[in-house]
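Participant: My structure is in upload.cif, and what it holds is mmCIF, C-alpha atoms:
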data_coords
loop_
_atom_site.label_atom_id
_atom_site.label_comp_id
_atom_site.auth_asym_id
_atom_site.auth_seq_id
_atom_site.Cartn_x
_atom_site.Cartn_y
_atom_site.Cartn_z
CA MET A 1 87.41 -47.26 212.54
CA ILE A 2 88.65 -47.49 208.98
CA GLU A 3 86.62 -44.88 207.12
CA ILE A 4 85.46 -45.69 203.60
CA GLY A 5 85.81 -42.82 201.18
CA LYS A 6 88.41 -40.98 203.23
CA ILE A 7 92.16 -40.80 203.75
CA ASN A 8 93.18 -43.13 206.59
CA ALA A 9 96.52 -43.28 208.43
CA LEU A 10 97.06 -47.01 208.92
CA THR A 11 99.89 -49.27 210.07
CA ILE A 12 101.57 -51.69 207.66
CA LEU A 13 101.01 -55.09 209.31
CA ARG A 14 102.40 -57.63 206.84
CA GLU A 15 103.26 -58.29 203.22
CA THR A 16 101.72 -61.03 201.08
CA GLU A 17 101.80 -61.92 197.40
CA ALA A 18 98.62 -59.88 196.93
CA GLY A 19 100.06 -56.80 198.57
CA LEU A 20 100.26 -55.11 201.97
CA TYR A 21 97.76 -55.56 204.75
CA LEU A 22 97.17 -52.37 206.71
CA GLY A 23 95.34 -52.01 209.98
CA ASN A 24 94.38 -49.86 212.95
CA ASN A 25 94.41 -50.40 216.70
CA LYS A 26 90.87 -51.82 216.59
CA GLY A 27 91.92 -54.91 214.66
CA GLU A 28 90.45 -53.79 211.32
CA GLU A 29 92.43 -54.56 208.18
CA VAL A 30 92.44 -53.54 204.54
CA LEU A 31 94.46 -54.75 201.57
CA LEU A 32 96.69 -52.42 199.62
CA PRO A 33 97.35 -54.28 196.32
CA LYS A 34 100.91 -54.08 195.06
CA SER A 35 99.61 -52.49 191.87
CA ARG A 36 98.31 -49.60 193.94
CA LEU A 37 101.45 -49.02 195.98
CA ASP A 38 103.58 -46.20 194.61
CA SER A 39 105.98 -45.58 197.51
CA THR A 40 108.60 -47.35 199.59
CA TYR A 41 107.48 -48.87 202.87
CA GLN A 42 108.51 -50.63 206.06
CA ILE A 43 106.53 -53.08 208.19
CA ASN A 44 105.00 -51.38 211.27
CA SER A 45 105.32 -47.94 209.71
CA LYS A 46 102.36 -45.66 209.08
CA LEU A 47 100.95 -45.09 205.62
CA GLU A 48 98.23 -42.70 204.46
CA VAL A 49 95.86 -44.41 202.04
CA PHE A 50 92.45 -43.84 200.55
CA VAL A 51 89.98 -46.62 201.34
CA TYR A 52 87.08 -47.65 199.11
CA THR A 53 85.27 -50.85 198.07
CA ASP A 54 85.72 -53.02 195.01
CA SER A 55 82.94 -54.54 192.87
CA GLU A 56 82.43 -57.25 195.50
CA ALA A 57 82.13 -54.74 198.37
CA ARG A 58 85.57 -55.66 199.77
CA LEU A 59 87.69 -52.92 201.29
CA ILE A 60 90.59 -51.82 199.11
CA ALA A 61 93.27 -49.23 199.83
CA SER A 62 95.14 -47.03 197.40
CA ALA A 63 98.24 -44.91 197.94
CA ARG A 64 96.82 -42.46 195.40
CA LYS A 65 94.85 -39.50 196.70
CA PRO A 66 91.53 -38.86 194.91
CA ALA A 67 90.35 -35.45 193.78
CA VAL A 68 87.57 -35.56 196.39
CA GLN A 69 86.65 -37.49 199.52
CA ILE A 70 83.10 -38.39 200.52
CA ASN A 71 80.68 -35.72 201.75
CA ASN A 72 82.22 -33.12 199.48
CA PHE A 73 81.47 -31.43 196.15
CA ALA A 74 83.83 -31.52 193.17
CA LEU A 75 84.03 -30.80 189.45
CA LEU A 76 84.86 -34.05 187.65
CA ARG A 77 85.03 -35.31 184.05
CA VAL A 78 82.90 -38.14 182.66
CA THR A 79 85.07 -40.93 181.27
CA SER A 80 82.31 -43.23 180.02
CA VAL A 81 78.56 -43.68 179.89
CA THR A 82 76.91 -47.12 180.18
CA GLU A 83 73.39 -48.47 180.40
CA PHE A 84 73.65 -48.34 184.20
CA GLY A 85 75.04 -44.83 184.58
CA ALA A 86 78.22 -42.85 184.09
CA PHE A 87 81.77 -43.06 185.37
CA MET A 88 83.95 -40.08 186.32
CA ASP A 89 87.68 -39.62 186.69
CA TRP A 90 88.57 -38.78 190.27
CA GLY A 91 92.23 -39.75 190.24
CA LEU A 92 91.97 -43.40 191.29
CA GLU A 93 92.43 -46.66 189.40
CA LYS A 94 88.68 -47.25 189.58
CA ASP A 95 86.42 -44.51 188.22
CA LEU A 96 83.61 -43.00 190.30
CA PHE A 97 80.09 -44.24 189.54
CA VAL A 98 77.09 -41.95 188.98
CA PRO A 99 73.79 -43.86 188.58
CA TYR A 100 71.26 -42.54 186.06
CA SER A 101 68.92 -41.85 188.96
CA GLU A 102 71.49 -39.41 190.39
CA GLN A 103 72.03 -37.43 187.19
CA LYS A 104 70.08 -34.17 187.06
CA SER A 105 70.48 -34.31 183.28
CA ASP A 106 71.99 -37.08 181.17
CA PHE A 107 75.77 -37.07 181.43
CA LEU A 108 77.84 -36.85 178.27
CA GLU A 109 81.24 -38.48 177.90
CA GLY A 110 84.10 -36.00 178.14
CA LYS A 111 82.01 -33.30 179.83
CA PHE A 112 82.58 -31.89 183.32
CA TYR A 113 79.90 -31.80 186.03
CA VAL A 114 79.75 -30.69 189.64
CA VAL A 115 78.80 -33.66 191.79
CA TYR A 116 78.43 -34.55 195.45
CA VAL A 117 80.35 -37.65 196.52
CA TYR A 118 78.84 -39.84 199.23
CA LEU A 119 78.77 -43.37 200.60
CA ASP A 120 75.61 -45.17 199.60
CA SER A 121 74.06 -46.51 202.81
CA ILE A 122 72.72 -49.70 201.16
CA SER A 123 75.48 -50.82 198.78
CA LYS A 124 78.34 -49.25 200.80
CA ARG A 125 79.63 -48.08 197.45
CA ILE A 126 81.09 -44.63 196.96
CA THR A 127 78.71 -42.85 194.60
CA ALA A 128 78.28 -39.40 193.10
CA SER A 129 75.23 -37.30 192.30
CA SER A 130 74.67 -34.12 190.30
CA LYS A 131 71.37 -33.49 192.11
CA ILE A 132 73.06 -30.89 194.26
CA ASP A 133 69.93 -29.63 196.04
CA LYS A 134 69.58 -33.02 197.77
CA PHE A 135 72.82 -32.44 199.61
CA ILE A 136 72.44 -28.81 200.62
CA SER A 137 72.24 -28.41 204.39
CA GLU A 138 68.80 -27.75 205.87
CA GLU A 139 70.33 -26.10 208.92
CA GLU A 140 69.53 -22.47 209.54
CA CYS A 141 72.26 -20.34 208.05
CA LYS A 142 73.74 -18.03 210.67
CA LEU A 143 76.10 -16.19 208.34
CA GLU A 144 75.83 -12.42 208.47
CA GLY A 145 75.87 -9.90 205.65
CA GLY A 146 79.40 -9.04 204.58
CA THR A 147 80.88 -12.34 205.79
CA GLU A 148 83.58 -13.71 203.50
CA VAL A 149 82.85 -17.25 202.31
CA ASP A 150 84.21 -19.88 199.94
CA ILE A 151 81.96 -20.76 197.03
CA MET A 152 81.77 -23.21 194.14
CA ILE A 153 79.70 -22.38 191.05
CA PHE A 154 77.54 -25.34 190.06
CA GLU A 155 74.69 -24.12 187.85
CA GLU A 156 73.53 -21.21 185.71
CA SER A 157 69.95 -19.99 185.36
CA GLN A 158 68.11 -16.96 184.03
CA LEU A 159 68.58 -15.24 187.39
CA GLY A 160 72.27 -15.89 187.78
CA LEU A 161 74.82 -18.42 189.00
CA SER A 162 73.96 -20.88 191.75
CA CYS A 163 76.80 -21.70 194.12
CA ILE A 164 77.63 -23.88 197.11
CA ILE A 165 78.71 -21.84 200.13
CA ASN A 166 81.36 -23.25 202.47
CA GLY A 167 80.53 -26.72 201.14
CA LYS A 168 77.17 -26.55 202.89
CA PHE A 169 74.63 -23.90 201.87
CA LYS A 170 73.16 -22.76 198.56
CA GLY A 171 73.62 -19.25 197.24
CA LEU A 172 72.92 -17.17 194.16
CA ILE A 173 75.00 -14.56 192.35
CA TYR A 174 72.75 -12.41 190.17
CA HIS A 175 73.94 -11.82 186.62
CA ASN A 176 74.06 -8.05 187.13
CA ASP A 177 76.52 -8.58 190.01
CA VAL A 178 79.02 -10.48 187.85
CA PHE A 179 81.86 -8.48 186.35
CA GLN A 180 84.24 -11.28 185.44
CA ASP A 181 84.22 -14.57 183.54
CA LEU A 182 82.90 -17.38 185.71
CA PHE A 183 82.48 -21.04 184.84
CA ILE A 184 80.78 -24.07 186.33
CA GLY A 185 83.10 -25.59 188.91
CA ASP A 186 84.97 -22.36 189.67
CA GLU A 187 85.98 -22.03 193.32
CA LEU A 188 86.60 -18.57 194.76
CA SER A 189 86.05 -16.26 197.70
CA ALA A 190 82.90 -14.15 197.87
CA TYR A 191 80.71 -12.28 200.35
CA VAL A 192 77.26 -12.78 201.82
CA LYS A 193 74.97 -10.06 200.53
CA THR A 194 71.63 -10.95 202.10
CA ILE A 195 69.82 -14.00 203.47
CA ARG A 196 66.30 -14.18 202.08
CA PRO A 197 63.19 -15.38 203.97
CA ASP A 198 63.21 -18.61 201.91
CA GLY A 199 66.71 -19.35 203.20
CA LEU A 200 68.49 -18.76 199.90
CA ILE A 201 71.60 -16.63 200.28
CA ASP A 202 72.41 -13.83 197.87
CA ILE A 203 76.14 -13.68 197.20
CA SER A 204 78.36 -10.88 195.93
CA LEU A 205 81.84 -11.27 194.50
CA GLN A 206 82.77 -7.90 195.98
CA LYS A 207 82.70 -6.49 199.48
CA SER A 208 79.55 -4.51 200.15
CA GLY A 209 79.28 -0.80 200.62
CA PHE A 210 82.26 1.34 201.55
CA LYS A 211 84.53 -1.68 202.11
CA ASN A 212 84.03 -2.58 198.48
CA VAL A 213 84.89 0.93 197.33
CA LEU A 214 88.06 1.11 199.42
CA SER A 215 89.19 -2.31 198.16
CA ALA A 216 88.47 -1.22 194.56
CA THR A 217 90.42 1.99 195.13
CA GLU A 218 93.50 0.05 196.16
CA ILE A 219 93.16 -2.20 193.11
CA VAL A 220 92.89 0.74 190.71
CA LEU A 221 95.81 2.58 192.32
CA GLU A 222 98.03 -0.48 192.16
CA TYR A 223 97.19 -0.93 188.49
CA ILE A 224 98.11 2.69 187.66
CA GLU A 225 101.37 2.45 189.61
CA ASN A 226 102.32 -0.73 187.72
CA HIS A 227 101.46 0.67 184.27
CA ASP A 228 103.70 3.70 183.96
CA GLY A 229 101.35 5.88 185.92
CA PHE A 230 98.51 5.81 183.40
CA LEU A 231 95.09 4.19 183.09
CA ASN A 232 93.23 4.53 179.78
CA LEU A 233 89.81 4.50 181.45
CA HIS A 234 87.73 7.40 182.73
CA ASP A 235 84.17 8.22 183.80
CA LYS A 236 82.99 8.03 180.18
CA SER A 237 84.32 4.51 179.67
CA SER A 238 81.72 1.80 179.15
CA PRO A 239 80.75 -0.60 181.95
CA GLU A 240 82.03 -3.46 179.78
CA GLU A 241 85.50 -1.91 179.45
CA ILE A 242 85.73 -1.37 183.19
CA ALA A 243 84.47 -4.86 184.06
CA ALA A 244 86.93 -6.45 181.62
CA LYS A 245 89.90 -4.73 183.26
CA PHE A 246 88.94 -4.65 186.95
CA SER A 247 85.96 -7.01 187.45
CA MET A 248 83.96 -4.22 189.11
CA SER A 249 80.93 -2.12 188.25
CA LYS A 250 81.22 1.32 186.70
CA ALA A 251 79.69 2.90 189.80
CA THR A 252 82.35 1.33 192.02
CA PHE A 253 85.10 2.37 189.60
CA LYS A 254 83.93 5.99 189.58
CA LYS A 255 83.85 6.09 193.38
CA ALA A 256 87.37 4.64 193.49
CA ILE A 257 88.70 7.23 191.05
CA GLY A 258 86.96 9.95 193.06
CA ILE A 259 88.73 8.86 196.23
CA LEU A 260 92.11 8.84 194.48
CA TYR A 261 91.43 12.31 193.09
CA ARG A 262 90.43 13.71 196.50
CA HIS A 263 93.59 12.28 198.01
CA ARG A 264 95.61 13.98 195.27
CA LYS A 265 96.89 10.64 194.04
CA VAL A 266 95.75 11.06 190.43
CA LEU A 267 94.84 13.58 187.80
CA ILE A 268 91.79 12.89 185.64
CA LYS A 269 92.02 13.91 181.98
CA PRO A 270 89.77 13.23 178.95
CA ASP A 271 92.01 10.38 177.76
CA GLY A 272 92.44 8.66 181.12
CA VAL A 273 93.77 8.81 184.66
CA TYR A 274 97.35 9.89 185.44
CA LEU A 275 99.32 9.21 188.62
CA LEU A 276 100.50 12.44 190.22
CA PRO A 277 104.24 12.33 190.93
CA GLY A 278 105.03 12.33 194.62
CA GLY A 279 101.39 12.16 195.72
CA ASN A 280 100.88 12.58 199.44
CA ASP A 281 101.24 9.65 201.79
CA ILE A 282 97.83 10.02 203.43
CA PRO A 283 96.30 6.55 203.83
CA LEU A 284 93.34 5.87 201.59
CA THR A 285 90.11 6.35 203.57
CA LEU A 286 86.52 7.08 202.67
#
Please re-express this file's structure in structure tokens.
Facilitator:
Amino acid sequence: MIEIGKINALTILRETEAGLYLGNNKGEEVLLPKSRLDSTYQINSKLEVFVYTDSEARLIASARKPAVQINNFALLRVTSVTEFGAFMDWGLEKDLFVPYSEQKSDFLEGKFYVVYVYLDSISKRITASSKIDKFISEEECKLEGGTEVDIMIFEESQLGLSCIINGKFKGLIYHNDVFQDLFIGDELSAYVKTIRPDGLIDISLQKSGFKNVLSATEIVLEYIENHDGFLNLHDKSSPEEIAAKFSMSKATFKKAIGILYRHRKVLIKPDGVYLLPGGNDIPLTL
């Protein structure tokens, strides 16, 4: 079937004054207006288009690809606010609608918000919502501690930064586990720390335990090698200085330096860490 809110590969059936009619092998058709065609074409050839509905609930296709398809989260900008709701830019000719009832807080024109995009079951209109918790999966999370995941930051609280894990589950990064600048809408890789009894998942931006230390050691060594064999940090440096340069805690940094020292890779002096010329080739291990 032609799927509303998704990219569809359809066949060009015929051309009319209004545009191209596209269809599938089930006899379904959709109009691609000439104003929304930005590529060359041939009758009976395949064309990938995004399908959505117009103000009269008619199917319309666009050769443009939106920033997000339905059943996904995205960071989008508000283009206008009306008495009925807000509209967001998602890369199509027609902006994405967010009803007031689906705004966790009142949207402001020009601001960015993380929203979930879905097909409204009643109106068949593609709609967005910033009430993220409504769209978090209620399935039991079977992720294990240490598993690498993809996350999107969507909210900040007194505890930390709430995130969406693998586009499905909700997680939390505590403030004291953050050693880099993060912003709402950021997408990055992270690691499962623990899964709490209430189902909320604690997330870390660094690998846990020894894996984290070994990874940090490689990062520090690479930095020293690429900066004339010198690092102007040491065990007396402040946590803020270390976090600003390496996005890691001071404890992890000190363990990393200790490993490099034991492997005779570096020399630690009061003013910093120096790379030892011709250090041995023993692989870094813990």
Participant: Might you spell out which residues the PyMOL selection byres ((chain A and resi 217-232) around 10) would select in the displayed file, as an mmCIF file with C-alpha atoms, in the frame of the given file?
Facilitator:
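The resulting result.cif:
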data_model
loop_
_atom_site.group_PDB
_atom_site.id
_atom_site.type_symbol
_atom_site.label_atom_id
_atom_site.label_comp_id
_atom_site.auth_asym_id
_atom_site.auth_seq_id
_atom_site.Cartn_x
_atom_site.Cartn_y
_atom_site.Cartn_z
ATOM 1 C CA LYS A 211 84.530 -1.680 202.110
ATOM 2 C CA ASN A 212 84.030 -2.580 198.480
ATOM 3 C CA VAL A 213 84.890 0.930 197.330
ATOM 4 C CA LEU A 214 88.060 1.110 199.420
ATOM 5 C CA SER A 215 89.190 -2.310 198.160
ATOM 6 C CA ALA A 216 88.470 -1.220 194.560
ATOM 7 C CA LEU A 233 89.810 4.500 181.450
ATOM 8 C CA HIS A 234 87.730 7.400 182.730
ATOM 9 C CA SER A 237 84.320 4.510 179.670
ATOM 10 C CA LYS A 245 89.900 -4.730 183.260
ATOM 11 C CA PHE A 246 88.940 -4.650 186.950
ATOM 12 C CA THR A 252 82.350 1.330 192.020
ATOM 13 C CA PHE A 253 85.100 2.370 189.600
ATOM 14 C CA LYS A 254 83.930 5.990 189.580
ATOM 15 C CA LYS A 255 83.850 6.090 193.380
ATOM 16 C CA ALA A 256 87.370 4.640 193.490
ATOM 17 C CA ILE A 257 88.700 7.230 191.050
ATOM 18 C CA GLY A 258 86.960 9.950 193.060
ATOM 19 C CA ILE A 259 88.730 8.860 196.230
ATOM 20 C CA LEU A 260 92.110 8.840 194.480
ATOM 21 C CA LYS A 265 96.890 10.640 194.040
ATOM 22 C CA VAL A 266 95.750 11.060 190.430
ATOM 23 C CA LEU A 267 94.840 13.580 187.800
ATOM 24 C CA ILE A 268 91.790 12.890 185.640
ATOM 25 C CA LYS A 269 92.020 13.910 181.980
ATOM 26 C CA PRO A 270 89.770 13.230 178.950
ATOM 27 C CA ASP A 271 92.010 10.380 177.760
ATOM 28 C CA GLY A 272 92.440 8.660 181.120
ATOM 29 C CA VAL A 273 93.770 8.810 184.660
ATOM 30 C CA TYR A 274 97.350 9.890 185.440
ATOM 31 C CA LEU A 275 99.320 9.210 188.620
ATOM 32 C CA LEU A 276 100.500 12.440 190.220
ATOM 33 C CA PRO A 277 104.240 12.330 190.930
ATOM 34 C CA LEU A 284 93.340 5.870 201.590
ATOM 35 C CA THR A 285 90.110 6.350 203.570
ATOM 36 C CA LEU A 286 86.520 7.080 202.670
#
Participant: For Leu59 in chain A, which residue among A:Asp202, A:Glu29, A:Glu241, A:Asp177 is the nearest when counting all atoms listed in the file?
Facilitator: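 Under the stated criterion, the closest residue is A:Glu29.
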Participant: What's around range 159-173 of chain A at 7 Å? Count only C-alpha atoms, leave out sequence neighbours fewer than 2 positions away in its own chain, and write the answer as a list of chain:residue names.
Facilitator: A:Asn72, A:Phe73, A:Ile136, A:Ser137, A:Val149, A:Asp150, A:Ile151, A:Met152, A:Ile153, A:Phe154, A:Glu155, A:Glu156, A:Ser157, A:His175, A:Asp177, A:Leu200, A:Ile201, A:Asp202, A:Ile203, A:Ser204
Participant: Tell me which protein, DNA and RNA residues are within 10 Å of Val98 in chain A, counting only C-alpha atoms, leaving out same-chain ones fewer than 4 positions away, and put them as a PyMOL selection string.
Facilitator: chain A and resi 78+81+84-88+102-103+107+115-117+126-130
Participant: Between CA of Val178 in chain A and CA of Tyr261 in chain A, measure the distance and give it in Å to one decimal.
Facilitator: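 Distance between the two atoms: 26.5 Å.
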Participant: What gap, in Å, lies between CA of Leu31 in chain A and CA of Met1 in chain A?
Facilitator: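 Calculated distance between CA of Leu31 in chain A and CA of Met1 in chain A is 15.0 Å.
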Participant: Distance cut-off 8 Å, centre (98.6, -52.4, 205.7) in file coordinates, counting all atoms listed in the file: which residues qualify? Return them as a list in words.
Facilitator: Leu10, Thr11, Ile12, Leu13, Arg14, Glu15, Leu20, Tyr21, Leu22, Gly23, Glu29, Val30, Leu31, Leu32 and Leu47 of chain A
Participant: Enumerate, as a PDB file with C-alpha atoms, in the coordinates of the input, the residues matched when the PyMOL selection byres ((chain A and resi 93) around 9) is run on the file above.
Facilitator:
ATOM      1  CA  ARG A  36      98.310 -49.600 193.940  1.00  0.00           C
ATOM      2  CA  SER A  62      95.140 -47.030 197.400  1.00  0.00           C
ATOM      3  CA  ARG A  64      96.820 -42.460 195.400  1.00  0.00           C
ATOM      4  CA  ASP A  89      87.680 -39.620 186.690  1.00  0.00           C
ATOM      5  CA  TRP A  90      88.570 -38.780 190.270  1.00  0.00           C
ATOM      6  CA  GLY A  91      92.230 -39.750 190.240  1.00  0.00           C
ATOM      7  CA  LEU A  92      91.970 -43.400 191.290  1.00  0.00           C
ATOM      8  CA  LYS A  94      88.680 -47.250 189.580  1.00  0.00           C
ATOM      9  CA  ASP A  95      86.420 -44.510 188.220  1.00  0.00           C
TER      10      ASP A  95
END
Participant: So how many Å separate CA of Ile4 in chain A and CA of Val51 in chain A, to one decimal?
Facilitator: 5.1 Å
Participant: In terms of the shortest atom-to-atom distance over only C-alpha atoms, which of A:Glu187, A:Glu48, A:Asp106, A:Glu140 is closest to Ile7 in chain A?
Facilitator: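 Selected residue with least distance to Ile7 in chain A: A:Glu48.
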Participant: From the set A:Gly199, A:Ser247, A:Asn176, A:Tyr113, which residue has the shortest atom-to-atom contact distance to Glu139 in chain A, counting only C-alpha atoms?
Facilitator: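 Among the listed residues, A:Gly199 lies closest to Glu139 in chain A.
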Participant: Considering all atoms listed in the file, state which residue in the set A:Leu96, A:Met248, A:Leu37, A:Ala18 is at the smallest distance from Asp54 in chain A.
Facilitator: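 The shortest atom-to-atom distance to Asp54 in chain A comes from A:Leu96.
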Participant: With all atoms listed in the file as the atoms that count, which of A:Cys141, A:Leu75, A:Ala190, A:Ile43 lies nearest to Thr16 in chain A?
Facilitator: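 Among the listed residues, A:Ile43 lies closest to Thr16 in chain A.
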Participant: Which residue, A:Asn24, A:Asp198, A:Ser123, A:Lys131, has the smallest gap to Tyr100 in chain A when you use all atoms listed in the file?
Facilitator: A:Lys131
Participant: Starting from the PyMOL selection byres ((chain A and resi 148) around 7), expand the selection into actual residues of this file and give them as number ranges by chain.
Facilitator: A: 146-147, 149, 189-192
Participant: Filtering to C-alpha atoms, could you give me those residues as a tab-separated table (two decimals), keeping the file's coordinate frame?
Facilitator:
chain	number	residue	atom	x	y	z
A	146	GLY	CA	79.40	-9.04	204.58
A	147	THR	CA	80.88	-12.34	205.79
A	149	VAL	CA	82.85	-17.25	202.31
A	189	SER	CA	86.05	-16.26	197.70
A	190	ALA	CA	82.90	-14.15	197.87
A	191	TYR	CA	80.71	-12.28	200.35
A	192	VAL	CA	77.26	-12.78	201.82
Participant: Find the residues near Pro239 in chain A: any atom within 9 Å, counting all atoms listed in the file, skip ones fewer than 6 places away on the same chain, and give them as an NGL selection string.
Facilitator: :A and (248-251)
